[in-house]
Amino acid sequence: MRVFNKVLIAAAMLAAIVSTQTTVSQAAEYTGPPSLLDEEMAGKMPGVSERLPKNPRVVNLKAMGRKPGKHGGTMRMLIGKIKDIKLIPIYGYARLVGYNEKFELKPDILEKVDVKEGRIFTFYLRKGHKWSDGHPFTSEDFRYAWNDMLTDKKLGRSGLRPNLQVDGKGPVFEVIDETTVRYTWHAPNPQFLPALAAPIPIYLAMPAHYLKQFHKTYQTKEKLAKLLVKNRVKKWYKLHKRMAREKKASNPDLPTLSPWVNTTPLPADLFVFERNAYFHRVDENGNQLPYFDRITMSVGTGSLIPAKVGAGDADLQARNLNFVDYTHLKSSEKRSKYKVLLWKSGKGSAVTLLPNLNVKDPLWRKTLRDVRFRRALSMGIDRHEINQIMFYGLARESGDSMLPQSPLYKEKYQKAWAEHDTKQANLFLDEMGLIKRDEDGYRLFPNGNRVEIIVETAGESTLQSDILELIQDQWHAIGVKLIIRGSQRDVMRRRAISGLAVMTIWNGLDNAVASPQMSPSELVPSSQSDLQWPQWGMYVSSKGEKGEKPDLAPVVEMLKSAKRWSKAATTQEKTKAWQEILEIYSDNVFSIGIVNGALQPVVVKNNIVNVPKEAIYAYSPTAYFGVYMPDTFWQSKPLTK
Amino acid sequence: MFAYIIRRILIMIPTLVMISVLIFTIMEWPPGNYFDTYIAELEAQGEAADLQEIEELRKEHGFDKPPIGRYFHWAFGLLQGDMGYSFEYELPVNEVVGSRMWLTLLVSFVSIFFTWIFAFPIGIYSATHQYSWGDYGLTFVGLLGLATPNFLLALIFMYFANIWFGVSIGGLMDPEFKNQAMSWAKFVSILEHLWIPVIIIGTAGTAGMIRRLRANLLDELQKQYVTTAKAKGLHPFKALTKYPLRMSLNFFISDIGSLLPAMISGAEVTAIVLSLETTGPLLIRALKAQDMYLAGSFLMVLASFTVLGVLISDIALALLDPRIRLQGGSTK
Amino acid sequence: MTTSQQIPAPGAEMEHYVRGGEFDPKSVEKLTPEQEKVYLASQLRLMWWKFKKHKLAVWSGVFLLLLYGSILISEFLAPYGLNNRHVDFIHAPAQSIHLFHDGEFVGPFVYGMSYKLNMENLKREYTVNKTQVQKLRFFCRGESYRFWGIWKNNLHLVCPAKNGTFFLHGTDRLGRDVLSRMIYGARISLTIGLLGITISFLLGISIGGIAGYYGGMADMFIQRIIEVLQSIPSVPLWLALAAIMPVTWSPIIVYFGITIILGLIDWTGLARAVRSKLLALREEDYVLAAQLMGARPSRIIGRHLVPGFMSHLIATATITIPTMILGETALSFLGLGLRAPITSWGVLLTEAQNINAVALYPWLLFPVVPVIMVILAFNFLGDGLRDAADPYK
């Protein structure tokens, strides 16, 4: 068997020498995984050199401080609901351009990206790159995605995403040749590349050869009708949409560029993802990645997952594990032969209080918009106590802001109005005229009502309600009564949007390790799901048709800075815009953060190599495991049970 | 006899109709619907919802019209065996529920079986040895099973089963077998995991059954014909089994009617805790997400099973007890 | 006849025996005062005597009375308040009460605890400090509270020593005393059952009464309704109903909502029992007499028929209360019943419903003990009541 492989490789080498020179290629000899050898023998699959593009992406593990590995093994993971299989495309993190561990944008699927004036993007594909079913990956796939999906009358009905538009205009798309495409805007579009590197990216390339059968333009009426009946759908574009759901990994037949491909149709309790034989990355020794042959995801009850992980049912797991489970997980380390790593959460704050600046009640509207009130509330919180009780003192007390790992971090943002200073807080509230107090010590409004804030929670996290209880006591000292109202996620959101909720509690900034290249949209009104200013967000996302126009001066300033960022062509300009926004945001305490850098347990079986011991765990921008390249994790030897 | 069966079946129909109306009302009651929840969830994840697609889905399933239309649409679908469409899974409900259904039935029936097997001898013993230590002791143990909340037992059992016996936590089978077709090894694995849920679900039913059997049997044993039989020298065992026991058996069978829903309910909660591949966890997720057809159809199916179960038990009872046949009514 | 007596010879004289004194024809039938009491006793008294025989039921009754009584003085009984946090004693294990220290009788006390955070596995480790003797105080002044939410006071039955701790059942993740929370939780858990059963009762008697008394169409209709409600498995029905309840309701209203749900679903059993009893009893002569005398049906049902089997009903009801308590526990566990900040045993158990509690902090599972005991008590009480309900048997 090995001999045959060597023959193939020799042939490939000859072919490589004879054919046109390729560019950088550190190893002309490639090794494929042994699990595919049988198929290669049977002629069902070409040899590894044909499966790889002429110029695969070489991942130099030694340079990353990791160990090059060998093929084989199954990685078992647990999920709490079927929808979570969408995590595999996220973990796989095969992107046109992607972030590396230093959060720099680098081409991944693409061989090269040319950016001129920040508005002309030329993509160079890798020659010979193939989809997971062996069909060539070419500019036709880009064209199909653009013309027949994103801008198609039916499929692209809701219009282009905001990050594909500049001043409301989309780009001009051109196919230069079989392996080159170009997108041209009239003005710089700094959101474009980060959108391609997002955990759920914009898919600019889709397998045309597969999807054409579901498209009205390319399929005969009769065959299409048959397909519609077979899949119990009434309209062709609905069928197309369902079949093309790359991000959900729900269609096993859909060819992909991800390192692992789903082979189990829904619904099921166990999903098996097999390796993509045509994956475009290799290590410095020429081994085709990924190392792991297979990932399995077992569906169960989410709350049971810590118990199952403790019993050894998972090889790599972070999802559904919380900090409170750490002690139990650690105590089972020997028995179940794994190690518990502690990564740092990438959120701006583990939980954050969001005063609703669009609240309908006029009294609260006035009060919450007064920056002194927000500052007082923030200073009335004893973050140290919360850190000690909930996080064993291991988190960092901070406002809802950037982590030190971000190049935009400044200590003053972290500390802005976040020191525990009840004296100053009381001074602010007295200044505002809330001097009268009732017999329990709570302040009264001029109309005699108690200063009582009802904080609504989504009822999903005991961490949130526990912290609220601690804050309840702390705010007594500044005369503010906190009432906790447990609710449900969508009800809470609806109430925020409709202005009925005075304050909500939710996670902090999603991406607190931002670099200037990334969009600052989280810090300014951008959609109706922003709990602190849903109406302003709706205004911005609907371009003025719905919602309320932002009328608070600092917010207007931030929006202006955000606009400047979206037109910026250089990194300096982007950084400046960011810092303006961060400055205003933290000084105005638009969301009250508590602690960040909280610890996330990650369980790794003892025989899995190359998982970083310390890292940032976040959805955006690190795509949970994605940025750390799970395709380079490998299994050293099977564990004895 | 025949007439009785026909009558019973005919009566079943309006019952089922009323159940369906009740379930439908419950499903429709909360404000908002699946789509609002879905949009909120998408926004929470920062994804734009394709509002137009959702509008179309809304229209397609009749959510822009009054509820009556939707009810008939659903009811007629049910009659044809089509349980509707699950918005959450974007699949027909039949497919979503499919494989889990038979596992649910398996767990429920094995639990009922277990209950019978245990309750029977214990009940008889209790009745014949009234007020003895055995009686008190067994009653106490049975009651203990009744009194302890299912779900708590479940978690504790599971944890210790894992530590002491190495049984994998949760689920009805080892993970490897999940997608495979039925095989001997898979069957064995299911049996290995089955005993925890069955014990937990069964103990509650067992206690109740023991007490009822005991009470019924005691009633019978006090009747004069038993004294007569004993006086005439009939062996005590025969005196017990030939007459009083047969009378009490009636109630065993008629009890299926109340046992079945109890089993299925108990099974639901336990299934959620133990993460069994049955329909319990599905149901609660559907209820929370307002996935109307999935939850509603499912409740309907459960209720139908119960009604069917009652029907069967009534017929069985009629077969067993001539008095019922002749009088045309059950002695419940 | 004494065997020592010889049979006299034929024709010989026989001994006579004539009793003196008065002749009372009823002497044989005369009752002793005790026996007279039995026959003259009212129905209730008979029931009480029969009930007393069932020792287990009596003790259960006493236990339940005490428990319900404790609801009135929860604030006084609990060593700590409901939400008192002790940030230095998070997840502290249970402290046992000792009487003897170093061989000397000291009185009830606990040993002090010292706390260390194990940085390796982030476990809070508590070591008992046998040199620190913390005597418990009784009838002491402790944390202040509002008695029934109105009067400020701070008298407690038992308090920890000054600067000491008394965690009989350990503390939870925020350092709150489990025992105190259990005592307060009793308020909610025990009363939910009572309220629910009241609703059940009222519905059951009225609906069952109508069905049994009038028979015919009304009966058929009601029977169908009962069948419908009994056919839907209760837990899914609870889930559905609880999922309906608007999440924005305040906890108190949610509480009442839950009791109503539990009561609404449960009345069928009672109605059935009432109906069958009425069907049998309405043929009795005294009912006919009342009808002839012009009594309205409601009076007949309420004044004549129902008291005849009230005892049965009470017995059945008593056995249903545990179902309600379990129902509340299950609902809270599934996140659809009561939630923090309301504390019931169900809510307490939910907080213990994870692997960390089972594996590391098992004392959090303690609230299951009162649940079990109350349910058992109600069952035994119900048994005793049922046995006593028909004293003429």
# chains A, B, ... in the order shown; residues from 1 in each chain; ligands from 1
call {"tool": "interface_residues", "arguments": {"of": "chain A", "to": "chain C", "cutoff": "6 Å", "atoms": "only C-alpha atoms", "output": "list of chain:residue names"}}
result
A:Ala307, A:Thr327, A:Lys330, A:Ser487
call {"tool": "interface_residues", "arguments": {"of": "chain C", "to": "chain B", "cutoff": "9 Å", "atoms": "only C-alpha atoms", "output": "ChimeraX atom specification"}}
result
/C:224-225,227-237,239-241,243-246,272,276,322-323,326,329-330,333-334,349-350,352-355,358-359,365,368-369,371-376,379
call {"tool": "write_last_selection", "arguments": {"atoms": "C-alpha atoms", "output": "CSV table (one decimal), in the first residue's frame"}}
result
chain,number,residue,atom,x,y,z
C,224,ARG,CA,-66.5,13.4,28.8
C,225,ILE,CA,-64.8,16.4,30.2
C,227,GLU,CA,-62.1,11.8,30.5
C,228,VAL,CA,-60.5,14.5,28.4
C,229,LEU,CA,-58.7,16.0,31.3
C,230,GLN,CA,-57.5,12.7,32.6
C,231,SER,CA,-56.3,11.5,29.2
C,232,ILE,CA,-53.8,14.2,28.7
C,233,PRO,CA,-50.7,13.3,30.7
C,234,SER,CA,-50.4,15.7,33.5
C,235,VAL,CA,-46.8,16.7,33.2
C,236,PRO,CA,-47.0,17.9,29.6
C,237,LEU,CA,-50.3,19.6,30.4
C,239,LEU,CA,-45.8,22.3,31.1
C,240,ALA,CA,-48.1,23.7,28.5
C,241,LEU,CA,-50.1,25.7,31.0
C,243,ALA,CA,-45.5,28.0,29.5
C,244,ILE,CA,-48.6,30.1,28.9
C,245,MET,CA,-48.2,32.2,32.0
C,246,PRO,CA,-46.9,35.5,31.0
C,272,ARG,CA,-65.4,11.2,39.9
C,276,SER,CA,-70.2,7.7,42.0
C,322,PRO,CA,-48.6,15.4,48.0
C,323,THR,CA,-49.2,15.3,44.2
C,326,LEU,CA,-44.5,17.2,43.9
C,329,THR,CA,-41.4,20.9,42.7
C,330,ALA,CA,-41.4,19.4,39.2
C,333,PHE,CA,-37.4,22.3,38.3
C,334,LEU,CA,-38.3,22.6,34.7
C,349,LEU,CA,-33.9,21.7,44.7
C,350,THR,CA,-33.6,23.2,41.3
C,352,ALA,CA,-29.1,21.7,43.5
C,353,GLN,CA,-30.0,20.0,40.3
C,354,ASN,CA,-26.5,19.8,38.8
C,355,ILE,CA,-23.5,17.6,38.9
C,358,VAL,CA,-24.4,15.9,43.7
C,359,ALA,CA,-20.7,15.4,43.5
C,365,LEU,CA,-29.8,18.2,48.3
C,368,VAL,CA,-35.6,16.8,49.5
C,369,VAL,CA,-35.9,15.4,53.1
C,371,VAL,CA,-40.5,17.0,50.8
C,372,ILE,CA,-40.4,13.3,51.3
C,373,MET,CA,-41.4,13.5,55.0
C,374,VAL,CA,-44.4,15.8,54.2
C,375,ILE,CA,-45.6,13.5,51.4
C,376,LEU,CA,-45.2,10.5,53.6
C,379,ASN,CA,-50.1,9.7,52.9
call {"tool": "select_by_dssp", "arguments": {"residues": "region 24-172 of chain C", "states": "helix (DSSP H, G or I)", "output": "number ranges by chain"}}
result
C: 33-40, 43-53, 55-72, 74-77
call {"tool": "interface_residues", "arguments": {"of": "chain A", "to": "chain B", "cutoff": "7 Å", "atoms": "only C-alpha atoms", "output": "list of chain:residue names"}}
result
A:Ser158, A:Pro267, A:Asp269, A:Leu270, A:Gly300, A:Thr301, A:Lys308, A:Asp490, A:Arg493, A:Ser529
call {"tool": "write_last_selection", "arguments": {"atoms": "C-alpha atoms", "output": "tab-separated table (two decimals), in the first residue's frame"}}
result
chain	number	residue	atom	x	y	z
A	158	SER	CA	-33.50	41.24	1.43
A	267	PRO	CA	-32.64	14.80	12.75
A	269	ASP	CA	-28.72	12.20	18.06
A	270	LEU	CA	-25.21	11.67	16.84
A	300	GLY	CA	-28.07	15.53	24.76
A	301	THR	CA	-29.42	17.73	27.50
A	308	LYS	CA	-20.76	13.70	31.01
A	490	ASP	CA	-37.45	37.10	23.53
A	493	ARG	CA	-35.95	41.86	24.04
A	529	SER	CA	-31.15	44.11	19.29
call {"tool": "residues_around", "arguments": {"residues": "Leu179 (chain C)", "least_positions_apart": "5", "cutoff": "9 Å", "atoms": "only C-alpha atoms", "output": "list of chain:residue names"}}
result
C:Ala78, C:Pro79, C:Tyr80, C:Phe167, C:Leu168, C:His169, C:Gly170, C:Thr171, C:Tyr184, C:Phe366, C:Pro367
call {"tool": "write_last_selection", "arguments": {"atoms": "N, CA and C atoms", "output": "compact mmCIF listing (two decimals), in the first residue's frame"}}
result
# COMPACT_ATOMS: atom_id res chain seq x y z
N ALA C 78 -35.96 30.42 62.08
CA ALA C 78 -34.76 30.33 61.26
C ALA C 78 -33.61 31.09 61.89
N PRO C 79 -32.44 30.47 61.98
CA PRO C 79 -31.32 31.17 62.57
C PRO C 79 -30.88 32.37 61.75
N TYR C 80 -31.06 32.30 60.43
CA TYR C 80 -30.66 33.44 59.60
C TYR C 80 -31.84 33.89 58.76
N PHE C 167 -24.39 26.63 60.68
CA PHE C 167 -24.97 26.16 59.43
C PHE C 167 -25.28 24.69 59.59
N LEU C 168 -26.49 24.41 60.05
CA LEU C 168 -26.82 23.03 60.34
C LEU C 168 -26.81 22.19 59.06
N HIS C 169 -27.17 22.80 57.95
CA HIS C 169 -27.15 22.06 56.70
C HIS C 169 -26.27 22.73 55.66
N GLY C 170 -25.26 23.42 56.11
CA GLY C 170 -24.33 24.01 55.17
C GLY C 170 -24.89 25.25 54.48
N THR C 171 -24.12 25.75 53.55
CA THR C 171 -24.53 26.95 52.83
C THR C 171 -24.49 26.69 51.33
N TYR C 184 -38.05 28.89 55.50
CA TYR C 184 -38.87 29.87 54.78
C TYR C 184 -39.56 29.23 53.59
N PHE C 366 -30.40 18.60 50.64
CA PHE C 366 -31.15 18.30 51.83
C PHE C 366 -32.63 18.66 51.77
N PRO C 367 -33.02 19.72 51.07
CA PRO C 367 -34.45 20.04 51.03
C PRO C 367 -35.33 18.90 50.56
call {"tool": "residues_around", "arguments": {"residues": "Ser521 (chain A)", "least_positions_apart": "4", "cutoff": "12 Å", "atoms": "only C-alpha atoms", "output": "PyMOL selection string"}}
result
(chain A and resi 162-163+191+509-511+514+516-517+525-527+530+537+540-541+558-563+565-566+577-578+581-582) or (chain B and resi 46)
call {"tool": "residues_around", "arguments": {"residues": "region 590-601 of chain A", "least_positions_apart": "3", "cutoff": "9 Å", "atoms": "only C-alpha atoms", "output": "PyMOL selection string"}}
result
chain A and resi 317-318+321-323+325-326+329+340-355+357+371+374-375+377-378+381-384+386-387+391+394-403+418+507-508+523+532+585-587+616-617
call {"tool": "residues_around", "arguments": {"residues": "Val106 (chain C)", "least_positions_apart": "6", "cutoff": "12 Å", "atoms": "only C-alpha atoms", "output": "PyMOL selection string"}}
result
chain C and resi 97-100+133-136
call {"tool": "write_last_selection", "arguments": {"atoms": "N, CA and C atoms", "output": "mmCIF file, in the first residue's frame"}}
result
data_model
loop_
_atom_site.group_PDB
_atom_site.id
_atom_site.type_symbol
_atom_site.label_atom_id
_atom_site.label_comp_id
_atom_site.auth_asym_id
_atom_site.auth_seq_id
_atom_site.Cartn_x
_atom_site.Cartn_y
_atom_site.Cartn_z
ATOM 1 N N ILE C 97 -23.932 19.461 65.602
ATOM 2 C CA ILE C 97 -24.053 19.986 66.971
ATOM 3 C C ILE C 97 -23.420 18.986 67.928
ATOM 4 N N HIS C 98 -22.576 19.497 68.782
ATOM 5 C CA HIS C 98 -21.970 18.627 69.797
ATOM 6 C C HIS C 98 -22.429 19.071 71.170
ATOM 7 N N LEU C 99 -22.328 18.135 72.109
ATOM 8 C CA LEU C 99 -22.681 18.479 73.475
ATOM 9 C C LEU C 99 -21.474 18.446 74.412
ATOM 10 N N PHE C 100 -20.569 17.542 74.081
ATOM 11 C CA PHE C 100 -19.419 17.358 74.958
ATOM 12 C C PHE C 100 -18.149 17.827 74.269
ATOM 13 N N VAL C 133 -14.802 26.712 70.199
ATOM 14 C CA VAL C 133 -16.104 26.220 70.635
ATOM 15 C C VAL C 133 -17.093 27.369 70.532
ATOM 16 N N GLN C 134 -18.076 27.207 69.689
ATOM 17 C CA GLN C 134 -19.053 28.287 69.525
ATOM 18 C C GLN C 134 -20.376 27.817 70.084
ATOM 19 N N LYS C 135 -20.706 28.316 71.259
ATOM 20 C CA LYS C 135 -21.939 27.883 71.885
ATOM 21 C C LYS C 135 -23.135 28.501 71.203
ATOM 22 N N LEU C 136 -24.159 27.696 71.042
ATOM 23 C CA LEU C 136 -25.386 28.217 70.463
ATOM 24 C C LEU C 136 -26.172 28.969 71.507
#
call {"tool": "closest_residue", "arguments": {"among": "B:Gly123, B:Gly84, B:Gly205, B:Gly77", "to": "Leu249 (chain B)", "atoms": "only C-alpha atoms"}}
result
B:Gly123
call {"tool": "select_by_dssp", "arguments": {"residues": "region 1-145 of chain C", "states": "strand (DSSP E)", "output": "VMD selection string"}}
result
chain C and resid 98 to 101 104 to 118 123 to 135 137 to 145
call {"tool": "residues_around", "arguments": {"residues": "region 544-546 of chain A", "least_positions_apart": "6", "cutoff": "9 Å", "atoms": "only C-alpha atoms", "output": "ChimeraX atom specification"}}
result
/A:535-536,538
call {"tool": "decode", "arguments": {"residues": "region 35-67 of chain C", "atoms": "C-alpha atoms", "output": "PDB file, in the first residue's frame"}}
result
ATOM      1  CA  GLN C  35     -70.310   0.362  75.902  1.00  0.00           C
ATOM      2  CA  GLU C  36     -73.051   2.919  76.204  1.00  0.00           C
ATOM      3  CA  LYS C  37     -70.666   5.610  75.194  1.00  0.00           C
ATOM      4  CA  VAL C  38     -69.918   3.754  72.007  1.00  0.00           C
ATOM      5  CA  TYR C  39     -73.484   3.484  70.926  1.00  0.00           C
ATOM      6  CA  LEU C  40     -74.366   6.972  71.904  1.00  0.00           C
ATOM      7  CA  ALA C  41     -71.287   8.492  70.364  1.00  0.00           C
ATOM      8  CA  SER C  42     -71.668  10.809  67.424  1.00  0.00           C
ATOM      9  CA  GLN C  43     -70.189   9.925  64.067  1.00  0.00           C
ATOM     10  CA  LEU C  44     -67.286  12.241  64.561  1.00  0.00           C
ATOM     11  CA  ARG C  45     -66.372  10.775  67.855  1.00  0.00           C
ATOM     12  CA  LEU C  46     -66.401   7.291  66.413  1.00  0.00           C
ATOM     13  CA  MET C  47     -64.190   8.425  63.638  1.00  0.00           C
ATOM     14  CA  TRP C  48     -61.793   9.943  66.099  1.00  0.00           C
ATOM     15  CA  TRP C  49     -61.526   6.747  68.092  1.00  0.00           C
ATOM     16  CA  LYS C  50     -60.916   4.680  65.020  1.00  0.00           C
ATOM     17  CA  PHE C  51     -58.421   7.189  63.805  1.00  0.00           C
ATOM     18  CA  LYS C  52     -56.527   7.100  67.052  1.00  0.00           C
ATOM     19  CA  LYS C  53     -55.909   3.421  66.596  1.00  0.00           C
ATOM     20  CA  HIS C  54     -53.842   4.139  63.554  1.00  0.00           C
ATOM     21  CA  LYS C  55     -50.741   5.314  65.397  1.00  0.00           C
ATOM     22  CA  LEU C  56     -48.823   6.217  62.291  1.00  0.00           C
ATOM     23  CA  ALA C  57     -51.610   8.448  61.090  1.00  0.00           C
ATOM     24  CA  VAL C  58     -51.819  10.201  64.409  1.00  0.00           C
ATOM     25  CA  TRP C  59     -48.125  10.939  64.504  1.00  0.00           C
ATOM     26  CA  SER C  60     -48.251  12.137  60.926  1.00  0.00           C
ATOM     27  CA  GLY C  61     -51.081  14.439  61.804  1.00  0.00           C
ATOM     28  CA  VAL C  62     -49.147  15.884  64.700  1.00  0.00           C
ATOM     29  CA  PHE C  63     -46.088  16.314  62.525  1.00  0.00           C
ATOM     30  CA  LEU C  64     -48.033  18.149  59.856  1.00  0.00           C
ATOM     31  CA  LEU C  65     -49.725  20.387  62.368  1.00  0.00           C
ATOM     32  CA  LEU C  66     -46.354  21.333  63.764  1.00  0.00           C
ATOM     33  CA  LEU C  67     -45.001  21.987  60.311  1.00  0.00           C
TER      34      LEU C  67
END
